[in-house]
>>> print(open('model.csv').read())   # CSV, C-alpha atoms
chain,number,residue,atom,x,y,z
A,1,MET,CA,43.3,-90.1,60.3
A,2,THR,CA,41.3,-91.5,57.4
A,3,ASP,CA,38.2,-92.9,58.9
A,4,ASP,CA,34.7,-92.0,57.7
A,5,LYS,CA,34.3,-89.3,60.3
A,6,THR,CA,37.5,-87.5,59.5
A,7,LEU,CA,38.0,-84.9,56.8
A,8,ASN,CA,41.6,-83.9,56.1
A,9,ILE,CA,42.1,-80.5,54.7
A,10,LEU,CA,44.8,-80.4,52.0
A,11,GLY,CA,44.7,-76.7,51.3
A,12,ILE,CA,42.9,-73.5,51.6
A,13,GLU,CA,42.3,-71.2,48.6
A,14,LEU,CA,40.7,-67.8,48.0
A,15,GLU,CA,38.5,-67.7,45.0
A,16,ASP,CA,37.5,-64.7,42.9
A,17,ASN,CA,34.4,-64.1,44.9
A,18,ASP,CA,36.4,-64.1,48.2
A,19,ARG,CA,35.0,-67.5,49.1
A,20,ILE,CA,37.5,-69.6,50.9
A,21,ILE,CA,37.6,-73.0,49.4
A,22,ILE,CA,38.9,-76.0,51.2
A,23,ILE,CA,40.5,-78.8,49.4
A,24,GLN,CA,39.9,-82.0,51.3
A,25,ASN,CA,40.1,-85.8,51.0
A,26,SER,CA,36.7,-87.1,50.0
A,27,ILE,CA,35.6,-90.4,51.5
A,28,GLU,CA,36.4,-92.0,48.2
A,29,GLY,CA,40.0,-90.9,48.5
A,30,GLY,CA,40.0,-88.1,45.9
A,31,THR,CA,39.9,-84.4,46.4
A,32,LYS,CA,36.9,-82.2,46.7
A,33,ARG,CA,36.4,-78.4,46.9
A,34,VAL,CA,33.8,-77.2,49.3
A,35,SER,CA,33.0,-73.8,50.8
A,36,ILE,CA,33.8,-73.1,54.4
A,37,ILE,CA,30.0,-72.9,55.0
A,38,GLU,CA,29.6,-76.5,53.7
A,39,LEU,CA,32.5,-77.6,55.9
A,40,LEU,CA,30.9,-76.0,58.9
A,41,TRP,CA,27.8,-78.0,58.2
A,42,LEU,CA,29.7,-81.2,57.9
A,43,ALA,CA,31.5,-80.5,61.1
A,44,TYR,CA,28.5,-79.3,63.1
A,45,SER,CA,25.6,-81.4,61.8
A,46,LYS,CA,27.3,-84.5,60.4
A,47,GLY,CA,29.8,-84.8,63.2
A,48,LYS,CA,32.8,-84.8,60.9
A,49,LYS,CA,36.2,-84.2,62.4
A,50,ILE,CA,38.1,-81.6,60.4
A,51,VAL,CA,41.8,-82.0,60.5
A,52,TYR,CA,44.3,-79.5,59.0
A,53,ASN,CA,48.1,-80.0,59.2
A,54,GLY,CA,47.5,-82.8,61.7
A,55,ARG,CA,45.4,-80.5,64.0
A,56,PHE,CA,41.7,-80.9,64.8
A,57,LEU,CA,39.8,-77.8,63.9
A,58,SER,CA,36.8,-76.7,66.0
A,59,ILE,CA,33.8,-74.7,64.6
A,60,GLU,CA,35.5,-71.6,66.0
A,61,ASP,CA,38.7,-72.4,64.2
A,62,LEU,CA,36.7,-72.8,61.0
A,63,LEU,CA,35.1,-69.4,61.5
A,64,LYS,CA,38.5,-67.9,62.0
A,65,ILE,CA,39.6,-69.3,58.7
A,66,ALA,CA,36.5,-67.9,57.0
A,67,LYS,CA,37.6,-64.4,58.1
A,68,ASN,CA,34.1,-63.2,57.4
A,69,ASP,CA,31.7,-61.9,60.1
A,70,PHE,CA,28.8,-62.9,58.0
A,71,ALA,CA,29.8,-66.6,57.7
A,72,TRP,CA,27.8,-67.6,60.8
A,73,ILE,CA,24.6,-66.0,59.4
A,74,VAL,CA,25.1,-67.7,56.0
A,75,PHE,CA,25.7,-70.9,57.9
A,76,THR,CA,22.4,-70.4,59.8
A,77,VAL,CA,20.4,-70.2,56.5
A,78,TYR,CA,22.4,-73.0,54.9
A,79,SER,CA,21.7,-75.2,58.0
A,80,ASP,CA,18.0,-74.3,58.0
A,81,LEU,CA,17.7,-75.4,54.3
A,82,LYS,CA,19.7,-78.5,54.7
A,83,ASN,CA,17.7,-79.4,57.8
A,84,ARG,CA,14.6,-79.2,55.6
A,85,GLY,CA,16.2,-81.7,53.3
A,86,LYS,CA,16.8,-79.1,50.5
A,87,LYS,CA,19.5,-79.2,47.8
A,88,VAL,CA,21.5,-76.1,48.5
A,89,GLU,CA,25.0,-74.9,47.7
A,90,VAL,CA,27.0,-71.8,48.5
A,91,ILE,CA,27.7,-69.6,45.4
A,92,GLY,CA,28.7,-66.3,47.0
A,93,ASP,CA,29.5,-64.4,50.1
A,94,ASN,CA,25.9,-64.1,51.1
A,95,LEU,CA,24.3,-66.1,48.3
A,96,LEU,CA,23.1,-69.6,48.2
A,97,LEU,CA,21.6,-71.6,45.3
A,98,LEU,CA,18.5,-73.6,46.1
A,99,ARG,CA,17.6,-76.3,43.6
A,100,ARG,CA,13.9,-77.2,43.6
A,101,ASP,CA,12.9,-79.6,40.8
A,102,SER,CA,14.3,-78.0,37.7
A,103,LYS,CA,14.2,-74.5,39.2
A,104,HIS,CA,17.3,-72.7,40.4
A,105,ILE,CA,16.4,-70.2,43.2
A,106,GLU,CA,19.0,-67.6,44.3
A,107,VAL,CA,18.8,-67.1,48.1
A,108,TYR,CA,20.3,-63.9,49.4
A,109,VAL,CA,21.1,-63.9,53.1
A,110,LEU,CA,20.2,-60.8,55.1
A,111,GLU,CA,20.3,-60.1,58.8
A,112,GLU,CA,18.2,-58.0,61.2
A,113,ASN,CA,20.0,-54.8,62.2
A,114,ASN,CA,22.5,-55.3,59.3
A,115,LEU,CA,21.3,-52.4,57.2
A,116,ILE,CA,21.2,-52.6,53.4
A,117,MET,CA,20.6,-49.8,50.9
A,118,LEU,CA,17.2,-50.2,49.3
A,119,ASN,CA,18.6,-49.6,45.8
A,120,ARG,CA,21.1,-52.4,46.4
A,121,LEU,CA,18.3,-54.7,47.4
A,122,ILE,CA,16.5,-53.9,44.2
A,123,GLU,CA,19.7,-54.3,42.1
A,124,LEU,CA,19.9,-57.9,43.5
A,125,ILE,CA,16.3,-58.6,42.6
A,126,GLU,CA,16.8,-57.2,39.0
A,127,LEU,CA,20.1,-59.1,38.6
A,128,SER,CA,18.6,-62.5,39.5
A,129,HIS,CA,15.6,-61.7,37.4
A,130,ARG,CA,17.8,-61.0,34.4
A,131,ARG,CA,19.5,-64.3,34.9
A,132,GLY,CA,16.1,-65.9,34.7
A,133,ARG,CA,16.2,-67.0,38.3
A,134,GLU,CA,13.7,-66.6,41.1
A,135,VAL,CA,15.1,-64.6,44.0
A,136,VAL,CA,14.5,-65.3,47.6
A,137,PHE,CA,15.6,-63.3,50.6
A,138,ALA,CA,16.4,-65.3,53.8
A,139,LEU,CA,16.0,-62.9,56.7
A,140,VAL,CA,17.7,-63.9,59.9
A,141,ASP,CA,16.4,-62.2,63.0
A,142,LYS,CA,18.3,-61.5,66.2
A,143,HIS,CA,17.4,-64.9,67.6
A,144,GLY,CA,18.7,-66.7,64.5
A,145,ASP,CA,15.2,-67.6,63.2
A,146,VAL,CA,14.9,-67.5,59.4
A,147,THR,CA,12.0,-66.1,57.4
A,148,TYR,CA,11.9,-66.4,53.6
A,149,TYR,CA,10.4,-64.0,51.1
A,150,SER,CA,10.5,-64.4,47.3
A,151,SER,CA,10.7,-61.2,45.4
A,152,SER,CA,10.3,-59.9,41.8
A,153,PRO,CA,10.2,-56.5,40.1
A,154,ILE,CA,6.7,-55.6,38.9
A,155,SER,CA,5.3,-53.1,36.5
A,156,LEU,CA,1.9,-52.2,37.9
B,157,MET,CA,-16.3,-29.0,36.6
B,158,LYS,CA,-14.4,-27.7,39.6
B,159,TYR,CA,-15.4,-28.8,43.1
B,160,HIS,CA,-14.7,-26.8,46.3
B,161,GLY,CA,-12.8,-27.9,49.4
B,162,ARG,CA,-11.8,-26.2,52.6
B,163,LEU,CA,-8.4,-26.8,54.1
B,164,VAL,CA,-8.6,-27.7,57.7
B,165,GLY,CA,-5.3,-28.9,59.2
B,166,LEU,CA,-4.3,-32.1,57.3
B,167,LYS,CA,-7.7,-32.5,55.6
B,168,VAL,CA,-9.6,-30.8,52.9
B,169,ILE,CA,-13.4,-31.0,53.4
B,170,VAL,CA,-15.9,-30.8,50.7
B,171,PHE,CA,-18.9,-29.5,52.6
B,172,ASP,CA,-21.5,-29.4,49.8
B,173,TYR,CA,-23.2,-32.8,49.8
B,174,GLU,CA,-23.8,-32.8,46.0
B,175,GLU,CA,-20.2,-32.0,45.3
B,176,ALA,CA,-19.0,-34.5,47.9
B,177,ARG,CA,-20.8,-37.3,46.2
B,178,LYS,CA,-19.4,-36.2,42.8
B,179,VAL,CA,-15.8,-36.0,44.1
B,180,PHE,CA,-16.2,-39.4,45.7
B,181,SER,CA,-17.5,-40.8,42.4
B,182,LEU,CA,-14.4,-39.6,40.5
B,183,GLY,CA,-12.6,-42.7,41.9
B,184,PHE,CA,-13.3,-43.4,45.5
B,185,TYR,CA,-11.7,-40.2,46.7
B,186,GLY,CA,-12.0,-39.3,50.4
B,187,LYS,CA,-14.3,-40.6,53.0
B,188,PRO,CA,-17.8,-39.3,53.7
B,189,PHE,CA,-17.8,-38.0,57.3
B,190,GLY,CA,-19.0,-40.5,59.8
B,191,ILE,CA,-19.5,-43.4,57.3
B,192,ARG,CA,-17.0,-46.2,58.0
B,193,LYS,CA,-17.0,-48.2,54.8
B,194,PRO,CA,-18.4,-46.2,52.0
B,195,LYS,CA,-19.1,-48.4,49.0
B,196,SER,CA,-21.3,-46.1,46.9
B,197,PRO,CA,-21.7,-42.3,46.4
B,198,ASP,CA,-25.2,-42.6,47.8
B,199,PHE,CA,-24.6,-40.6,51.0
B,200,ASN,CA,-25.5,-37.3,52.6
B,201,ALA,CA,-22.4,-36.1,54.4
B,202,PRO,CA,-19.4,-33.8,53.9
B,203,LEU,CA,-16.4,-35.5,52.2
B,204,GLU,CA,-13.0,-35.6,54.0
B,205,LEU,CA,-10.1,-35.7,51.6
B,206,SER,CA,-6.5,-36.3,52.8
B,207,LEU,CA,-4.1,-33.6,51.9
B,208,ILE,CA,-2.4,-36.0,49.4
B,209,GLU,CA,-5.8,-36.7,47.7
B,210,ALA,CA,-6.5,-33.0,47.6
B,211,VAL,CA,-3.2,-32.1,46.0
B,212,TYR,CA,-3.8,-34.7,43.3
B,213,LEU,CA,-7.3,-33.4,42.6
B,214,VAL,CA,-6.0,-29.8,42.5
B,215,GLU,CA,-3.3,-30.9,40.1
B,216,LYS,CA,-5.9,-32.6,37.9
B,217,GLY,CA,-8.0,-29.5,37.9
B,218,TYR,CA,-11.0,-31.0,39.7
B,219,LEU,CA,-10.7,-29.2,43.0
B,220,GLU,CA,-10.3,-25.7,44.3
B,221,VAL,CA,-9.0,-25.4,47.8
B,222,ARG,CA,-9.6,-22.4,50.1
B,223,ASP,CA,-8.2,-22.0,53.6
B,224,LEU,CA,-10.3,-20.8,56.6
B,225,GLU,CA,-9.6,-17.2,55.6
B,226,ASP,CA,-11.2,-17.9,52.3
B,227,ARG,CA,-8.0,-17.6,50.4
B,228,VAL,CA,-7.6,-19.9,47.4
B,229,LEU,CA,-4.4,-22.0,47.6
B,230,GLY,CA,-2.9,-22.8,44.2
B,231,LEU,CA,-1.1,-26.1,43.5
B,232,ARG,CA,2.4,-24.8,44.5
B,233,GLU,CA,1.2,-23.3,47.7
B,234,LEU,CA,-0.8,-26.4,48.6
B,235,VAL,CA,2.2,-28.7,47.9
B,236,GLY,CA,4.4,-26.4,50.0
B,237,TYR,CA,1.9,-26.6,52.8
B,238,ALA,CA,1.7,-30.4,52.5
B,239,GLU,CA,5.6,-30.7,52.5
B,240,LYS,CA,5.7,-28.8,55.8
B,241,ARG,CA,2.9,-30.7,57.4
B,242,ILE,CA,3.6,-34.3,56.2
B,243,PRO,CA,7.2,-35.3,56.7
B,244,ARG,CA,7.2,-38.1,54.0
B,245,PHE,CA,5.1,-36.1,51.5
B,246,LYS,CA,7.9,-36.0,48.9
B,247,LEU,CA,8.0,-39.8,48.9
B,248,LEU,CA,4.3,-40.5,49.4
B,249,TYR,CA,2.9,-38.1,46.8
B,250,PRO,CA,4.8,-39.3,43.7
B,251,VAL,CA,3.7,-42.9,44.4
B,252,TYR,CA,0.1,-41.8,45.0
B,253,ARG,CA,0.1,-39.9,41.7
B,254,ASP,CA,1.8,-42.7,39.8
B,255,LEU,CA,-0.7,-45.3,41.0
B,256,ARG,CA,-3.7,-43.0,40.2
B,257,GLU,CA,-2.3,-42.2,36.8
B,258,ARG,CA,-2.2,-45.9,36.1
B,259,GLY,CA,-5.9,-46.2,36.9
B,260,TYR,CA,-5.8,-47.7,40.4
B,261,VAL,CA,-7.9,-46.7,43.3
B,262,VAL,CA,-5.6,-45.7,46.1
B,263,ARG,CA,-6.8,-45.6,49.7
B,264,SER,CA,-5.0,-45.4,53.0
B,265,GLY,CA,-3.3,-48.6,54.0
B,266,LEU,CA,-3.1,-47.6,57.7
B,267,LYS,CA,-5.2,-50.4,59.0
B,268,PHE,CA,-3.0,-52.9,57.2
B,269,GLY,CA,0.2,-51.3,58.4
B,270,ALA,CA,1.0,-50.0,54.9
B,271,ASP,CA,1.1,-46.6,53.3
B,272,TYR,CA,-1.5,-47.4,50.6
B,273,ALA,CA,-4.1,-50.1,50.0
B,274,VAL,CA,-4.5,-50.2,46.2
B,275,TYR,CA,-7.5,-51.5,44.4
B,276,GLU,CA,-8.0,-52.3,40.7
B,277,HIS,CA,-11.7,-51.4,40.8
B,278,GLY,CA,-12.4,-50.1,44.4
B,279,PRO,CA,-13.0,-51.2,48.0
B,280,GLY,CA,-15.9,-53.6,48.3
B,281,ILE,CA,-15.5,-54.6,44.7
B,282,ASP,CA,-12.0,-56.1,44.6
B,283,HIS,CA,-11.4,-59.2,46.7
B,284,ALA,CA,-8.5,-57.6,48.4
B,285,PRO,CA,-6.2,-54.6,47.9
B,286,PHE,CA,-2.5,-54.6,47.1
B,287,LEU,CA,-0.6,-53.2,50.0
B,288,VAL,CA,2.1,-50.7,49.1
B,289,HIS,CA,4.9,-49.6,51.4
B,290,VAL,CA,6.7,-46.4,50.2
B,291,MET,CA,10.5,-46.2,50.9
B,292,PRO,CA,13.3,-43.9,49.7
B,293,LEU,CA,15.5,-45.7,47.2
B,294,ASN,CA,18.7,-44.1,48.5
B,295,GLU,CA,18.4,-45.0,52.2
B,296,GLU,CA,19.4,-47.9,54.3
B,297,ILE,CA,16.7,-50.2,55.5
B,298,ASP,CA,16.8,-52.9,58.2
B,299,PRO,CA,16.0,-56.1,56.3
B,300,ILE,CA,13.6,-57.1,59.1
B,301,GLU,CA,11.3,-54.3,57.8
B,302,ILE,CA,10.4,-56.8,55.0
B,303,VAL,CA,9.3,-59.3,57.6
B,304,ARG,CA,7.3,-56.7,59.5
B,305,ALA,CA,5.6,-55.5,56.3
B,306,GLY,CA,4.9,-59.1,55.3
B,307,ARG,CA,3.4,-60.1,58.7
B,308,LEU,CA,0.8,-57.3,58.4
B,309,SER,CA,0.1,-58.0,54.8
B,310,HIS,CA,-0.7,-61.7,55.4
B,311,SER,CA,-4.1,-60.8,56.8
B,312,VAL,CA,-5.0,-59.3,53.4
B,313,ARG,CA,-3.0,-61.0,50.7
B,314,LYS,CA,0.1,-63.2,50.6
B,315,HIS,CA,2.2,-60.6,48.9
B,316,PHE,CA,2.9,-56.9,49.3
B,317,VAL,CA,4.7,-54.2,47.3
B,318,ILE,CA,7.5,-51.9,48.1
B,319,ALA,CA,7.5,-48.7,46.1
B,320,ALA,CA,11.1,-47.4,46.1
B,321,VAL,CA,11.2,-43.7,45.3
B,322,ASN,CA,14.3,-41.8,44.0
B,323,PRO,CA,13.8,-38.5,45.8
B,324,GLU,CA,16.0,-36.7,43.3
B,325,THR,CA,14.2,-37.8,40.1
B,326,GLY,CA,10.9,-39.0,41.5
B,327,ASN,CA,11.5,-42.2,39.6
B,328,ILE,CA,9.7,-45.2,41.2
B,329,LYS,CA,10.5,-48.9,41.2
B,330,TYR,CA,8.0,-51.4,42.4
B,331,VAL,CA,9.1,-54.8,43.8
B,332,MET,CA,6.8,-57.5,45.1
B,333,PHE,CA,7.5,-59.7,48.1
B,334,LYS,CA,5.7,-62.9,48.9
B,335,TRP,CA,6.2,-65.2,51.8
B,336,PHE,CA,8.1,-68.2,50.7
B,337,LYS,CA,8.2,-71.7,52.0
B,338,PRO,CA,11.5,-73.4,51.0
>>> encode(input="model.csv", output="structure tokens")
Amino acid sequence: MTDDKTLNILGIELEDNDRIIIIQNSIEGGTKRVSIIELLWLAYSKGKKIVYNGRFLSIEDLLKIAKNDFAWIVFTVYSDLKNRGKKVEVIGDNLLLLRRDSKHIEVYVLEENNLIMLNRLIELIELSHRRGREVVFALVDKHGDVTYYSSSPISL
Amino acid sequence: MKYHGRLVGLKVIVFDYEEARKVFSLGFYGKPFGIRKPKSPDFNAPLELSLIEAVYLVEKGYLEVRDLEDRVLGLRELVGYAEKRIPRFKLLYPVYRDLRERGYVVRSGLKFGADYAVYEHGPGIDHAPFLVHVMPLNEEIDPIEIVRAGRLSHSVRKHFVIAAVNPETGNIKYVMFKWFKP
């Protein structure tokens, strides 16, 4: 199973930030590390067949491997950005990195009805700000629609 | 100079027209009764102050408030009254005071779906106010509240501010949100 449409998973690892990383055969024949979210995108939107230990894995199988209830919501935002032709990568459980020109924008994924402490929200804004990066919140509503808001601390 | 107001429910009314004009002139405080968009202190009407405005003016020493039994209410008593009558007073008042102390004109943001509409110079002078939503720092929020606040703000400006108040310390953090097109 080495045609262009097939991606063979060689191994699954858990990294420091709890992201599950898949080691796969790239088209060129080498190995590549991708996040489960990126793999979902390749399977769902690019029609890749994901094969692990000789078995074809469905989208549901991949979500089971992710073992993260929030993976689908992160995938929703990742897909939305990719569908807009954006350069995006997964850098954390609920964090994406959007590259726009020379700017690096941190995109935190939040979901309607999934409550967050306001002080946590502000911590995230301050953290990104200290890293010199713009921060954007991707808010996914109950229907899966995404609205984006950039945010920054201000001193009035 | 100390002006005189009468506590009536959730309002403090300055009935003397001359004093009403002067209190309004201090920084767009209150609303002349029956005048929808006051832009100048050139009016002949009583001035309605919100309880929050009245507490601030009492704290600053500009206003003396009496109830309908002609009893003077000191600052502590007025604050106690406001805390009982306005459920979010402990959040709203520190932000109001902070913004006023920074020199802003702070008006009700009700028609924009916000707690405050904040002007650098005043309504009718600034192009548009900043809209400020006051929230407690130590409580959970539904992220969709950001979208709701943003939707309402778009009719005025493209961005809005959340004032996060620590109810224990009264410390306030301001964060700005702006609709973003990826």
>>> atom_distance(input="model.csv", atom1="atom CA of His143 of chain A", atom2="atom CA of Lys48 of chain A")
26.0 Å
>>> closest_residue(input="model.csv", among="B:Leu231, B:Leu203, B:Ala270, B:Val251", to="chain A", atoms="only C-alpha atoms")
B:Val251
>>> atom_distance(input="model.csv", atom1="atom CA of Val90 of chain A", atom2="atom CA of Ile37 of chain A")
7.2 Å
>>> closest_residue(input="model.csv", among="A:Ser128, A:Val146, A:Val135, A:Ile116", to="chain B", atoms="all atoms listed in the file")
A:Ile116
>>> closest_atom_pairs(input="model.csv", of="chain B", to="chain A", cutoff="9 Å", atoms="only C-alpha atoms", output="Markdown table")
| residue | atom | partner | partner_atom | distance |
| --- | --- | --- | --- | --- |
| B:Leu255 | CA | A:Leu156 | CA | 8.0 |
| B:Arg258 | CA | A:Leu156 | CA | 7.7 |
| B:Met291 | CA | A:Leu118 | CA | 8.0 |
| B:Pro292 | CA | A:Leu118 | CA | 7.4 |
| B:Leu293 | CA | A:Asn119 | CA | 5.2 |
| B:Asn294 | CA | A:Asn119 | CA | 6.1 |
| B:Glu295 | CA | A:Met117 | CA | 5.4 |
| B:Glu296 | CA | A:Met117 | CA | 4.1 |
| B:Ile297 | CA | A:Leu115 | CA | 5.4 |
| B:Asp298 | CA | A:Leu115 | CA | 4.6 |
| B:Pro299 | CA | A:Glu112 | CA | 5.7 |
| B:Ile300 | CA | A:Glu112 | CA | 5.1 |
| B:Glu301 | CA | A:Glu112 | CA | 8.5 |
| B:Ile302 | CA | A:Tyr149 | CA | 8.2 |
| B:Val303 | CA | A:Thr147 | CA | 7.3 |
| B:Gly306 | CA | A:Tyr149 | CA | 8.5 |
| B:Val317 | CA | A:Ile154 | CA | 8.7 |
| B:Ala320 | CA | A:Leu118 | CA | 7.4 |
| B:Lys329 | CA | A:Pro153 | CA | 7.7 |
| B:Tyr330 | CA | A:Ile154 | CA | 5.6 |
| B:Val331 | CA | A:Pro153 | CA | 4.2 |
| B:Met332 | CA | A:Ser152 | CA | 5.4 |
| B:Phe333 | CA | A:Ser151 | CA | 4.4 |
| B:Lys334 | CA | A:Ser150 | CA | 5.3 |
| B:Trp335 | CA | A:Tyr149 | CA | 4.4 |
| B:Phe336 | CA | A:Tyr149 | CA | 4.8 |
| B:Lys337 | CA | A:Tyr148 | CA | 6.7 |
| B:Pro338 | CA | A:Leu81 | CA | 7.3 |
>>> residues_around(input="model.csv", residues="Val164 of chain B", least_positions_apart="4", cutoff="8 Å", atoms="only C-alpha atoms", output="list in words")
Val168, Ile169, Asp223 and Leu224 of chain B
>>> atom_distance(input="model.csv", atom1="atom CA of Ala273 of chain B", atom2="atom CA of Asp198 of chain B")
22.5 Å
>>> closest_residue(input="model.csv", among="A:Glu13, A:Asp101, A:Asp145, A:Asp93", to="Asn68 of chain A", atoms="all atoms listed in the file")
A:Asp93
>>> residues_around(input="model.csv", residues="Tyr260 of chain B", least_positions_apart="2", cutoff="10 Å", atoms="all atoms listed in the file", output="PyMOL selection string")
(chain A and resi 156) or (chain B and resi 183+252-258+262-263+274-278)
>>> write_last_selection(input="model.csv", atoms="C-alpha atoms", output="tab-separated table (two decimals), keeping the file's coordinate frame")
chain	number	residue	atom	x	y	z
A	156	LEU	CA	1.90	-52.20	37.90
B	183	GLY	CA	-12.60	-42.70	41.90
B	252	TYR	CA	0.10	-41.80	45.00
B	253	ARG	CA	0.10	-39.90	41.70
B	254	ASP	CA	1.80	-42.70	39.80
B	255	LEU	CA	-0.70	-45.30	41.00
B	256	ARG	CA	-3.70	-43.00	40.20
B	257	GLU	CA	-2.30	-42.20	36.80
B	258	ARG	CA	-2.20	-45.90	36.10
B	262	VAL	CA	-5.60	-45.70	46.10
B	263	ARG	CA	-6.80	-45.60	49.70
B	274	VAL	CA	-4.50	-50.20	46.20
B	275	TYR	CA	-7.50	-51.50	44.40
B	276	GLU	CA	-8.00	-52.30	40.70
B	277	HIS	CA	-11.70	-51.40	40.80
B	278	GLY	CA	-12.40	-50.10	44.40
>>> residues_near_point(input="model.csv", point="(6.9, -37.5, 51.9)", cutoff="12 Å", atoms="all atoms listed in the file", output="PyMOL selection string")
chain B and resi 207-208+235-236+238-252+271+290-292+321-323+326
>>> closest_residue(input="model.csv", among="A:Leu96, A:Val77, A:Val107, A:Leu40", to="Lys64 of chain A", atoms="only C-alpha atoms")
A:Leu40
>>> closest_residue(input="model.csv", among="A:Arg133, A:Ile91, A:Ala43, A:Leu127", to="Phe56 of chain A", atoms="all atoms listed in the file")
A:Ala43
>>> closest_residue(input="model.csv", among="A:Thr31, A:Ser102, A:Asn94, A:Asn83", to="Asn8 of chain A", atoms="all atoms listed in the file")
A:Thr31
